[in-house]
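**Q** What follows is data.cif, made up of mmCIF, C-alpha atoms:
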```cif
data_my_file
#
loop_
_atom_site.label_atom_id
_atom_site.label_comp_id
_atom_site.auth_asym_id
_atom_site.auth_seq_id
_atom_site.Cartn_x
_atom_site.Cartn_y
_atom_site.Cartn_z
CA MET A 1 16.22 52.81 10.94
CA THR A 2 17.26 52.73 7.32
CA HIS A 3 17.25 55.38 4.60
CA PRO A 4 14.45 54.35 2.23
CA GLY A 5 16.52 55.24 -0.82
CA THR A 6 19.46 53.01 0.11
CA GLN A 7 20.32 50.39 -2.50
CA GLY A 8 23.33 48.13 -2.70
CA GLY A 9 26.18 48.56 -0.23
CA TRP A 10 26.88 51.43 2.14
CA ASP A 11 30.11 53.41 2.09
CA THR A 12 31.03 53.43 5.78
CA LEU A 13 29.89 51.71 8.96
CA ILE A 14 30.84 53.17 12.36
CA ILE A 15 30.68 50.68 15.22
CA ASN A 16 31.22 50.59 18.99
CA ALA A 17 30.10 54.21 19.24
CA ARG A 18 28.29 56.11 21.95
CA LEU A 19 25.80 58.07 19.87
CA ALA A 20 24.60 61.48 21.03
CA THR A 21 21.93 62.22 18.46
CA PHE A 22 20.69 65.62 19.70
CA ALA A 23 17.44 64.60 18.05
CA PRO A 24 14.54 65.67 20.31
CA ALA A 25 12.53 62.56 19.47
CA ARG A 26 15.22 60.41 21.10
CA GLY A 27 14.71 61.99 24.51
CA GLY A 28 17.17 62.23 27.41
CA ASP A 29 20.26 64.36 27.87
CA TYR A 30 22.12 64.81 24.56
CA GLY A 31 19.63 62.47 22.88
CA VAL A 32 21.78 59.47 23.80
CA ALA A 33 20.83 56.46 21.68
CA ASP A 34 20.83 53.73 24.33
CA ASP A 35 19.53 51.20 21.81
CA ALA A 36 22.17 51.87 19.15
CA ASP A 37 25.95 51.71 18.87
CA ALA A 38 26.43 51.87 15.11
CA LEU A 39 25.82 54.31 12.28
CA ALA A 40 26.08 53.85 8.53
CA ILE A 41 26.94 56.43 5.89
CA ASP A 42 26.05 56.27 2.23
CA GLN A 43 26.79 58.97 -0.34
CA GLY A 44 27.45 61.56 2.37
CA ARG A 45 24.22 60.88 4.28
CA ILE A 46 23.35 58.95 7.40
CA ALA A 47 21.82 55.76 6.01
CA TRP A 48 21.14 53.71 9.14
CA ILE A 49 21.36 53.88 12.95
CA GLY A 50 21.10 50.77 15.10
CA ARG A 51 22.96 48.01 16.88
CA ALA A 52 26.08 46.62 15.28
CA ALA A 53 24.71 43.13 15.90
CA ASP A 54 21.75 43.97 13.67
CA VAL A 55 23.54 45.47 10.66
CA PRO A 56 21.40 44.80 7.56
CA ALA A 57 22.75 43.55 4.27
CA PRO A 58 23.89 46.93 2.83
CA GLY A 59 26.35 47.33 5.71
CA ARG A 60 28.15 44.04 5.37
CA GLN A 61 30.57 45.25 2.68
CA ALA A 62 31.05 48.79 4.05
CA ALA A 63 34.37 50.14 5.27
CA VAL A 64 34.25 49.75 9.04
CA ILE A 65 35.42 52.38 11.53
CA ASP A 66 35.63 50.96 15.06
CA VAL A 67 35.68 53.92 17.47
CA HIS A 68 36.12 51.81 20.62
CA GLY A 69 33.53 53.56 22.75
CA GLN A 70 34.13 57.15 21.64
CA TRP A 71 31.27 59.63 21.55
CA VAL A 72 29.92 60.42 18.10
CA MET A 73 27.73 63.51 17.73
CA PRO A 74 26.67 65.96 15.03
CA GLY A 75 29.29 68.35 13.72
CA LEU A 76 29.32 71.62 15.67
CA ILE A 77 27.58 74.67 14.20
CA ASP A 78 28.62 78.28 14.83
CA CYS A 79 25.43 80.10 13.84
CA HIS A 80 26.50 83.74 14.43
CA THR A 81 29.89 85.09 13.34
CA HIS A 82 31.43 88.18 11.72
CA LEU A 83 34.42 86.11 10.65
CA VAL A 84 35.32 88.10 7.52
CA TYR A 85 36.95 91.45 8.24
CA ALA A 86 40.33 93.14 7.96
CA GLY A 87 42.61 94.67 10.54
CA SER A 88 42.78 94.36 14.31
CA ARG A 89 41.42 96.29 17.27
CA ALA A 90 44.02 95.01 19.75
CA ARG A 91 45.58 98.47 20.07
CA GLU A 92 42.20 99.93 21.01
CA PHE A 93 41.80 97.16 23.57
CA ALA A 94 45.08 98.27 25.16
CA GLN A 95 44.01 101.94 24.99
CA ARG A 96 40.79 101.22 26.85
CA LEU A 97 42.68 99.33 29.55
CA ASN A 98 44.97 102.35 29.85
CA GLY A 99 42.01 104.63 30.50
CA ALA A 100 40.82 105.85 27.09
CA SER A 101 37.06 105.99 26.68
CA TYR A 102 35.18 104.45 23.76
CA GLU A 103 34.17 107.96 22.68
CA GLU A 104 37.79 109.14 22.66
CA ILE A 105 38.82 106.16 20.57
CA ALA A 106 35.94 106.69 18.16
CA ARG A 107 36.75 110.39 17.73
CA ALA A 108 40.30 109.39 16.82
CA GLY A 109 38.95 107.18 14.02
CA GLY A 110 38.80 103.95 16.01
CA GLY A 111 35.93 101.62 16.84
CA ILE A 112 33.87 100.06 14.08
CA ALA A 113 34.95 102.88 11.74
CA SER A 114 38.51 101.54 11.82
CA THR A 115 37.34 98.05 10.86
CA VAL A 116 35.19 99.46 8.05
CA ARG A 117 38.14 101.44 6.75
CA ALA A 118 40.50 98.43 6.87
CA THR A 119 37.92 96.14 5.28
CA ARG A 120 37.21 98.56 2.44
CA GLU A 121 40.93 98.83 1.73
CA ALA A 122 41.72 95.12 1.95
CA GLY A 123 40.24 93.59 -1.18
CA GLU A 124 38.56 90.21 -1.47
CA ALA A 125 41.71 88.06 -1.56
CA ALA A 126 43.06 89.67 1.61
CA LEU A 127 39.72 89.18 3.36
CA VAL A 128 39.85 85.47 2.58
CA GLU A 129 43.46 85.26 3.77
CA GLN A 130 42.82 87.09 7.06
CA ALA A 131 39.68 85.08 7.84
CA GLY A 132 41.46 81.77 7.21
CA PRO A 133 43.16 81.38 10.62
CA ARG A 134 39.93 82.19 12.43
CA LEU A 135 38.01 79.62 10.41
CA ARG A 136 40.69 76.97 10.84
CA ALA A 137 40.64 77.49 14.62
CA LEU A 138 36.92 76.78 14.68
CA MET A 139 37.29 73.79 12.38
CA ARG A 140 39.92 72.26 14.67
CA GLU A 141 37.27 72.15 17.39
CA GLY A 142 34.82 70.20 15.24
CA VAL A 143 32.83 73.00 13.60
CA THR A 144 31.39 71.73 10.31
CA THR A 145 28.86 74.52 9.59
CA ILE A 146 29.36 78.23 10.11
CA GLU A 147 27.39 81.38 9.44
CA ILE A 148 29.39 84.42 8.25
CA LYS A 149 27.92 87.94 8.09
CA SER A 150 28.86 90.95 6.06
CA GLY A 151 28.56 94.36 7.71
CA TYR A 152 32.04 95.87 7.75
CA GLY A 153 31.84 97.22 4.21
CA LEU A 154 28.70 99.36 4.42
CA ASP A 155 28.89 100.08 0.70
CA ARG A 156 27.86 97.98 -2.26
CA GLY A 157 31.30 96.94 -3.45
CA THR A 158 32.73 95.92 -0.10
CA GLU A 159 29.58 94.23 1.19
CA LEU A 160 29.54 92.02 -1.90
CA ALA A 161 33.28 91.39 -1.57
CA MET A 162 32.76 90.23 2.02
CA LEU A 163 30.00 87.85 0.96
CA ARG A 164 32.10 86.49 -1.91
CA ALA A 165 34.99 85.98 0.51
CA ALA A 166 32.70 84.05 2.83
CA ARG A 167 31.50 81.86 -0.03
CA ARG A 168 35.12 81.17 -1.02
CA LEU A 169 35.92 79.99 2.50
CA GLY A 170 33.40 77.20 2.04
CA GLU A 171 34.57 76.05 -1.38
CA THR A 172 36.90 73.31 -0.11
CA GLY A 173 34.02 71.21 1.21
CA ALA A 174 35.71 70.94 4.61
CA VAL A 175 33.09 73.26 6.14
CA THR A 176 29.65 74.49 5.12
CA VAL A 177 29.32 78.30 5.04
CA ARG A 178 26.01 80.14 5.25
CA THR A 179 26.15 83.82 4.39
CA THR A 180 24.13 86.60 6.01
CA PHE A 181 23.79 90.14 4.63
CA LEU A 182 24.26 92.65 7.48
CA GLY A 183 24.45 95.94 5.62
CA ALA A 184 22.48 97.54 8.46
CA HIS A 185 25.27 96.93 10.96
CA ALA A 186 26.24 100.57 11.42
CA LEU A 187 25.82 103.88 9.65
CA PRO A 188 28.66 104.45 7.16
CA PRO A 189 30.53 107.77 7.53
CA GLU A 190 29.35 109.06 4.16
CA TYR A 191 25.72 108.77 5.39
CA ALA A 192 26.27 110.59 8.71
CA GLY A 193 22.96 112.12 9.78
CA ARG A 194 21.12 110.39 6.90
CA ALA A 195 20.20 106.96 8.25
CA ASP A 196 16.98 106.69 6.25
CA ALA A 197 18.85 107.41 3.04
CA TYR A 198 21.23 104.56 3.85
CA ILE A 199 18.27 102.23 4.44
CA ASP A 200 17.02 103.29 0.99
CA ALA A 201 20.38 102.30 -0.48
CA ILE A 202 20.27 98.92 1.25
CA CYS A 203 16.71 98.12 0.17
CA ASN A 204 16.93 99.45 -3.37
CA ASP A 205 20.51 98.71 -4.36
CA ILE A 206 22.92 96.82 -2.12
CA LEU A 207 20.69 93.95 -0.93
CA PRO A 208 19.10 93.31 -4.37
CA ALA A 209 22.58 93.23 -5.94
CA ALA A 210 23.84 90.75 -3.36
CA ALA A 211 20.76 88.58 -3.76
CA GLN A 212 20.95 88.64 -7.56
CA ALA A 213 24.56 87.47 -7.33
CA GLY A 214 23.46 84.49 -5.21
CA LEU A 215 25.52 85.63 -2.23
CA VAL A 216 22.83 85.81 0.47
CA ASP A 217 21.26 83.04 2.57
CA ALA A 218 19.65 85.37 5.15
CA VAL A 219 19.35 89.05 6.07
CA ASP A 220 20.25 90.59 9.45
CA ALA A 221 20.26 94.06 11.03
CA PHE A 222 21.37 95.74 14.26
CA CYS A 223 18.25 97.02 16.03
CA GLU A 224 19.60 99.23 18.80
CA THR A 225 19.89 102.83 19.96
CA ILE A 226 23.38 102.97 18.41
CA GLY A 227 22.21 101.05 15.34
CA PHE A 228 18.87 101.25 13.56
CA ASP A 229 15.35 101.65 14.90
CA ALA A 230 12.48 99.21 14.48
CA ALA A 231 10.88 101.12 11.59
CA GLN A 232 14.14 101.13 9.63
CA VAL A 233 14.71 97.44 10.32
CA GLU A 234 11.19 96.59 9.20
CA ARG A 235 11.86 98.23 5.86
CA ILE A 236 14.84 95.93 5.41
CA PHE A 237 12.80 92.90 6.45
CA LYS A 238 10.13 93.74 3.87
CA ALA A 239 12.81 94.09 1.19
CA ALA A 240 14.24 90.72 2.23
CA GLY A 241 10.79 89.14 2.09
CA ALA A 242 10.24 90.48 -1.42
CA LEU A 243 13.47 88.73 -2.42
CA GLY A 244 12.44 85.48 -0.73
CA LEU A 245 15.15 85.72 1.94
CA PRO A 246 14.69 84.77 5.62
CA VAL A 247 15.57 87.27 8.33
CA LYS A 248 17.28 87.36 11.72
CA LEU A 249 18.17 90.20 14.07
CA HIS A 250 20.69 91.59 16.54
CA ALA A 251 18.15 92.47 19.23
CA GLU A 252 17.90 93.57 22.85
CA GLN A 253 21.65 93.64 23.46
CA LEU A 254 21.92 97.09 25.06
CA SER A 255 18.26 98.07 25.45
CA ASN A 256 14.79 96.81 24.58
CA LEU A 257 13.44 98.26 21.34
CA GLY A 258 11.04 95.39 20.69
CA GLY A 259 13.34 93.80 18.15
CA SER A 260 12.44 90.25 19.11
CA GLU A 261 8.74 90.89 18.61
CA LEU A 262 9.57 92.50 15.25
CA VAL A 263 11.66 89.61 13.96
CA ALA A 264 9.08 87.13 15.24
CA ARG A 265 6.34 88.92 13.28
CA HIS A 266 8.40 88.32 10.16
CA GLY A 267 8.89 84.63 10.98
CA GLY A 268 12.58 85.20 11.61
CA LEU A 269 15.12 82.44 11.98
CA SER A 270 16.71 83.90 15.09
CA SER A 271 16.94 86.78 17.52
CA ASP A 272 20.48 87.23 18.81
CA HIS A 273 22.08 88.63 22.01
CA LEU A 274 18.87 89.26 24.06
CA GLU A 275 20.36 90.57 27.30
CA HIS A 276 17.36 92.93 27.64
CA LEU A 277 14.63 90.61 26.34
CA ASP A 278 11.29 90.86 28.20
CA GLU A 279 8.46 88.34 28.59
CA ALA A 280 6.49 89.74 25.66
CA GLY A 281 9.51 89.20 23.46
CA ALA A 282 10.04 85.66 24.76
CA ARG A 283 6.40 84.81 24.08
CA ALA A 284 6.69 86.19 20.55
CA LEU A 285 9.81 84.13 19.84
CA ALA A 286 8.13 80.98 21.12
CA ALA A 287 5.00 81.53 19.04
CA ALA A 288 7.03 82.13 15.87
CA GLY A 289 9.50 79.28 16.43
CA THR A 290 12.32 81.83 16.32
CA VAL A 291 15.57 80.71 17.96
CA ALA A 292 17.24 82.74 20.72
CA VAL A 293 20.96 82.91 19.92
CA LEU A 294 23.07 83.51 23.03
CA LEU A 295 26.46 85.18 22.60
CA PRO A 296 28.41 84.86 25.85
CA GLY A 297 31.67 86.04 24.26
CA ALA A 298 30.31 89.55 23.71
CA TYR A 299 28.75 89.57 27.19
CA TYR A 300 32.13 88.64 28.67
CA PHE A 301 34.29 90.95 26.57
CA LEU A 302 32.07 93.98 27.20
CA ARG A 303 32.01 93.13 30.92
CA ASP A 304 28.23 93.21 30.82
CA THR A 305 26.29 92.50 33.99
CA HIS A 306 22.79 92.07 32.52
CA THR A 307 22.42 88.40 31.59
CA PRO A 308 19.88 87.16 29.04
CA PRO A 309 16.68 85.98 30.76
CA ILE A 310 17.35 82.25 30.49
CA GLY A 311 14.46 81.49 32.84
CA LEU A 312 12.00 83.23 30.50
CA LEU A 313 13.37 81.36 27.49
CA ARG A 314 13.01 78.05 29.32
CA LYS A 315 9.53 78.94 30.59
CA HIS A 316 8.23 79.62 27.10
CA GLY A 317 10.15 76.82 25.38
CA VAL A 318 12.25 79.06 23.13
CA PRO A 319 15.09 77.08 21.50
CA MET A 320 18.47 78.42 22.66
CA ALA A 321 21.52 78.37 20.40
CA VAL A 322 25.06 79.35 21.40
CA ALA A 323 27.57 81.02 19.05
CA THR A 324 30.92 82.81 19.12
CA ASP A 325 29.88 86.18 17.61
CA CYS A 326 33.51 86.20 16.42
CA ASN A 327 34.25 89.85 15.56
CA PRO A 328 37.07 92.35 16.12
CA GLY A 329 35.29 94.74 18.44
CA THR A 330 33.19 92.90 21.01
CA SER A 331 33.96 89.16 20.78
CA PRO A 332 37.41 88.44 19.31
CA PHE A 333 37.11 84.71 19.93
CA ALA A 334 37.34 81.84 17.46
CA SER A 335 36.46 79.04 19.86
CA LEU A 336 33.02 77.50 20.11
CA LEU A 337 34.24 75.24 22.93
CA LEU A 338 35.10 78.33 24.96
CA MET A 339 31.56 79.59 24.34
CA LEU A 340 30.19 76.33 25.75
CA ASN A 341 32.00 76.96 29.01
CA MET A 342 30.96 80.62 29.08
CA ALA A 343 27.31 79.75 28.37
CA CYS A 344 27.33 77.38 31.35
CA THR A 345 29.32 79.54 33.79
CA LEU A 346 27.99 83.00 32.86
CA PHE A 347 24.43 82.19 31.76
CA ARG A 348 23.96 78.98 33.81
CA LEU A 349 22.93 76.77 30.90
CA THR A 350 23.21 73.06 31.58
CA PRO A 351 25.79 71.16 29.52
CA ALA A 352 22.96 69.47 27.62
CA GLU A 353 21.40 72.87 26.81
CA ALA A 354 24.75 74.32 25.75
CA LEU A 355 25.64 71.40 23.48
CA ASN A 356 22.15 71.38 22.00
CA GLY A 357 22.82 75.08 21.37
CA VAL A 358 25.75 74.32 19.05
CA THR A 359 24.02 71.43 17.27
CA HIS A 360 20.24 71.10 16.89
CA ALA A 361 19.24 74.64 17.98
CA ALA A 362 22.06 76.19 15.95
CA ALA A 363 20.83 74.32 12.87
CA GLN A 364 17.35 75.72 13.51
CA ALA A 365 18.82 79.22 13.74
CA LEU A 366 20.21 78.78 10.21
CA GLY A 367 17.09 77.17 8.78
CA MET A 368 19.05 73.94 8.33
CA ALA A 369 17.46 71.61 10.89
CA ASP A 370 16.33 69.24 8.14
CA GLU A 371 19.90 68.92 6.94
CA VAL A 372 22.31 69.04 9.92
CA GLY A 373 22.43 69.45 13.69
CA SER A 374 21.32 65.99 14.78
CA LEU A 375 21.99 62.36 13.96
CA ALA A 376 19.04 61.05 11.98
CA VAL A 377 18.61 58.92 8.91
CA GLY A 378 18.72 61.05 5.77
CA LYS A 379 20.67 63.93 7.28
CA ARG A 380 24.12 64.93 6.10
CA ALA A 381 26.87 62.88 7.73
CA ASP A 382 28.65 65.75 9.46
CA LEU A 383 30.07 63.99 12.51
CA VAL A 384 32.54 64.80 15.27
CA PHE A 385 34.19 62.16 17.50
CA TRP A 386 35.32 62.73 21.10
CA GLN A 387 37.40 60.61 23.45
CA VAL A 388 35.84 61.87 26.71
CA PRO A 389 34.09 59.97 29.51
CA ASP A 390 31.09 62.30 29.46
CA LEU A 391 30.01 65.02 27.02
CA ALA A 392 29.77 67.46 29.92
CA GLU A 393 33.58 67.51 29.75
CA LEU A 394 33.29 69.66 26.61
CA CYS A 395 31.58 72.36 28.68
CA TYR A 396 33.40 71.81 31.96
CA SER A 397 37.03 72.33 30.94
CA TYR A 398 38.65 74.30 28.15
CA GLY A 399 41.91 73.90 26.25
CA THR A 400 42.27 70.13 26.47
CA HIS A 401 39.66 68.79 24.04
CA VAL A 402 40.38 68.04 20.38
CA PRO A 403 38.15 65.80 18.25
CA THR A 404 39.71 62.48 17.34
CA ARG A 405 38.01 62.61 13.95
CA VAL A 406 35.72 64.91 11.95
CA LEU A 407 33.60 63.85 8.98
CA CYS A 408 32.04 66.34 6.58
CA ALA A 409 29.34 64.75 4.42
CA GLY A 410 30.91 61.40 5.31
CA MET A 411 34.41 62.38 4.21
CA ALA A 412 37.32 62.65 6.62
CA ARG A 413 38.53 66.20 7.13
CA PRO A 414 42.33 66.44 6.83
CA ALA A 415 44.08 66.68 10.21
#
```
Show me the file's structure as structure tokens.
**A**
Amino acid sequence: MTHPGTQGGWDTLIINARLATFAPARGGDYGVADDADALAIDQGRIAWIGRAADVPAPGRQAAVIDVHGQWVMPGLIDCHTHLVYAGSRAREFAQRLNGASYEEIARAGGGIASTVRATREAGEAALVEQAGPRLRALMREGVTTIEIKSGYGLDRGTELAMLRAARRLGETGAVTVRTTFLGAHALPPEYAGRADAYIDAICNDILPAAAQAGLVDAVDAFCETIGFDAAQVERIFKAAGALGLPVKLHAEQLSNLGGSELVARHGGLSSDHLEHLDEAGARALAAAGTVAVLLPGAYYFLRDTHTPPIGLLRKHGVPMAVATDCNPGTSPFASLLLMLNMACTLFRLTPAEALNGVTHAAAQALGMADEVGSLAVGKRADLVFWQVPDLAELCYSYGTHVPTRVLCAGMARPA
């Protein structure tokens, strides 16, 4: 398998590798390439996959990396995060464990209102600085692509500052950042009792400004009894469509408002959370090719007992992605490897399903399946290397696995 555009010599040749392609056409758990142990990179792209004994002429002058039997797989993808925000909710966490109710904390100015306040006060440079450690933690685990949402500004200036901060986090080239506008995350205090007026502001002002500035890759909303109803979300989706932006949705986390069917009707990239998804919703997702994004960190942290209907998703062939949902209020975790373990232990995914959920399915959830998420000729050479006997180890145990090497577009990421 050779990239048709390849001419002359290749840049890099990886040999003695165990290749987990996560390409559905390969078949088998993890898409293991039993007929290949080598991969070539040229100009940041995968140029060839095959047996080292059969390397064609362009590979004979390439720099060789002998990985001595290590696993090589696509770079990990965290397809749902709220990584950019200011402040901490650790004190509220302690208050709840000491008996304070969520309502009491909220009345005292806590909850999401405290994060909105801190984020509005922080400024763009501080947002970048505070998000840095969270991003670096994910990168250390082999994450090469990450989605980052806005949604803690809830006004034009801060929403755009959050999106600019997210873009800045991807400027080094060591990780690819996709930005999602989530202005409809919560109702800002200045719009109390006027949710429709806030939707007007999103559709007519904030979202168009963000799109015009080139800061938006997708548009999201929180469709829930404590968020926004289906009619309000649909208005946002129509505004996104008019701007040529794809949509996704926080849906069916606490109740079933038909959010999955709504996002499917709009050809959405993903429907996320899904603890209360029903069969009609699963059918709609399958028909639309919309990815179900599972967020076990939020399920765990909220001590939920209503698991997503994994059986329904399997029955209807809905792709399942897994993500951290990294955020200060309901999933304060910056570890995709931890989510792999949680997805298997709490939701009963198989290791192959979970790892597909942070590679191929996660790429689908970002609309990037043609670019990343599997090992195939022509795709970007985002690769992560593991010294483990079996890839199930990455789901089975936590705290002991560090990639031996990470390549982003064929370039080594600094240790």
**Q** Excluding same-chain residues fewer than 3 positions from Ala165 of chain A, what lies within 6 Å of it counting only C-alpha atoms, as a PyMOL selection string?
**A** chain A and resi 124+128+162+168
**Q** Considering only C-alpha atoms, state which residue in the set A:Asp78, A:Asp217, A:Asp34, A:Asp42 is at the smallest distance from His360 of chain A.
**A**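 For His360 of chain A, the nearest of the given residues is A:Asp78.
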**Q** What is the atom CA of Leu340 of chain A to atom CA of Val388 of chain A distance in Å?
**A**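 According to the coordinates, atom CA of Leu340 of chain A and atom CA of Val388 of chain A are separated by 15.6 Å.
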**Q** Expressed in Å to a single decimal, how great is the separation between atom CA of Val216 of chain A and atom CA of Gly151 of chain A?
**A** 12.6 Å
**Q** A:Leu169, A:Ala354, A:Leu269, A:Val406: which is nearest Pro296 of chain A, counting all atoms listed in the file?
**A**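 Checking each of A:Leu169, A:Ala354, A:Leu269, A:Val406 against Pro296 of chain A, counting all atoms listed in the file, the winner is A:Ala354.
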**Q** One decimal, in Å: what's the spacing between atom CA of Met73 of chain A and atom CA of His273 of chain A?
**A**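 These two atoms are separated by 26.1 Å.
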**Q** Within 7 Å of Val358 of chain A, counting all atoms listed in the file, which residues qualify if same-chain residues fewer than 3 places away don't, as a PDB file with C-alpha atoms, in the coordinates of the input?
**A**
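So the final result, stored in selection_29.pdb, reads:
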```
ATOM      1  CA  LEU A  76      29.320  71.620  15.670  1.00  0.00           C
ATOM      2  CA  ILE A  77      27.580  74.670  14.200  1.00  0.00           C
ATOM      3  CA  ASP A  78      28.620  78.280  14.830  1.00  0.00           C
ATOM      4  CA  ALA A 321      21.520  78.370  20.400  1.00  0.00           C
ATOM      5  CA  VAL A 322      25.060  79.350  21.400  1.00  0.00           C
ATOM      6  CA  ALA A 323      27.570  81.020  19.050  1.00  0.00           C
ATOM      7  CA  ALA A 354      24.750  74.320  25.750  1.00  0.00           C
ATOM      8  CA  LEU A 355      25.640  71.400  23.480  1.00  0.00           C
ATOM      9  CA  ALA A 361      19.240  74.640  17.980  1.00  0.00           C
ATOM     10  CA  ALA A 362      22.060  76.190  15.950  1.00  0.00           C
TER      11      ALA A 362
END
```
**Q** Return the single residue from A:Gly75, A:Met320, A:Ala251, A:Glu224 that is closest to Val372 of chain A, with distances computed using all atoms listed in the file.
**A**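 Smallest distance to Val372 of chain A is found for A:Gly75.
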**Q** Could you list, as number ranges by chain, every residue within 10 Å of Tyr396 of chain A, counting all atoms listed in the file and ignoring same-chain residues fewer than 6 positions away?
**A** A: 337-338, 340-342, 344-345, 351
**Q** Go through A:Phe347, A:Gly317, A:Val143, A:Gly132 one by one, measure the shortest atom-to-atom distance of each to Thr176 of chain A using all atoms listed in the file, and give the residue with the smallest value.
**A** A:Val143
**Q** Just say which residues the PyMOL selection byres ((chain A and resi 30) around 6) picks in this file, as a list in words.
**A**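 That selection, the PyMOL selection byres ((chain A and resi 30) around 6), comes back as Ala20, Phe22, Asp29, Gly31, Val32 and Ala352 of chain A.
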**Q** Those residues with C-alpha atoms, as a PDB file, in the coordinates of the input please?
**A**
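Contents of the output file again15.pdb:
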```pdb
ATOM      1  CA  ALA A  20      24.600  61.480  21.030  1.00  0.00           C
ATOM      2  CA  PHE A  22      20.690  65.620  19.700  1.00  0.00           C
ATOM      3  CA  ASP A  29      20.260  64.360  27.870  1.00  0.00           C
ATOM      4  CA  GLY A  31      19.630  62.470  22.880  1.00  0.00           C
ATOM      5  CA  VAL A  32      21.780  59.470  23.800  1.00  0.00           C
ATOM      6  CA  ALA A 352      22.960  69.470  27.620  1.00  0.00           C
TER       7      ALA A 352
END
```
**Q** Nearest to Gly142 of chain A: which of A:Val291, A:Cys203, A:Ala412, A:Ala286 is it, counting only C-alpha atoms?
**A**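 Ranked by minimum distance to Gly142 of chain A, first place goes to A:Ala412.
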**Q** Rank nothing, just name the residue among A:Arg348, A:His82, A:Arg303, A:His250 nearest to Ser270 of chain A, using only C-alpha atoms.
**A** A:His250
**Q** With a distance cut-off of 7 Å and only C-alpha atoms, select the neighbouring residues of segment 89-106 of chain A, excluding the residue or stretch itself and same-chain residues fewer than 2 positions from it, and output the selection as a ChimeraX atom specification.
**A** /A:108-111,328-329
**Q** Kindly extract all protein, DNA and RNA residues lying within 9 Å of the coordinates (34.6, 101.9, 8.6) given in the file, considering all atoms listed in the file, and supply them as a PyMOL selection string.
**A** chain A and resi 109-120+152-154+186+188-189
**Q** Name the residues in contact with Leu346 of chain A at a cut-off of 9 Å, using all atoms listed in the file, excluding same-chain residues fewer than 6 positions from it; report them as a list in words.
**A**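 What passes the distance filter is Pro296, Tyr299, Tyr300 and Thr307 of chain A.
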**Q** Please produce a file of the residues just selected, as a PDB file, in the coordinates of the input, where the atoms kept are C-alpha atoms.
**A**
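Heads up, here's the output in out_36.pdb:
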```pdb
ATOM      1  CA  PRO A 296      28.410  84.860  25.850  1.00  0.00           C
ATOM      2  CA  TYR A 299      28.750  89.570  27.190  1.00  0.00           C
ATOM      3  CA  TYR A 300      32.130  88.640  28.670  1.00  0.00           C
ATOM      4  CA  THR A 307      22.420  88.400  31.590  1.00  0.00           C
TER       5      THR A 307
END
```
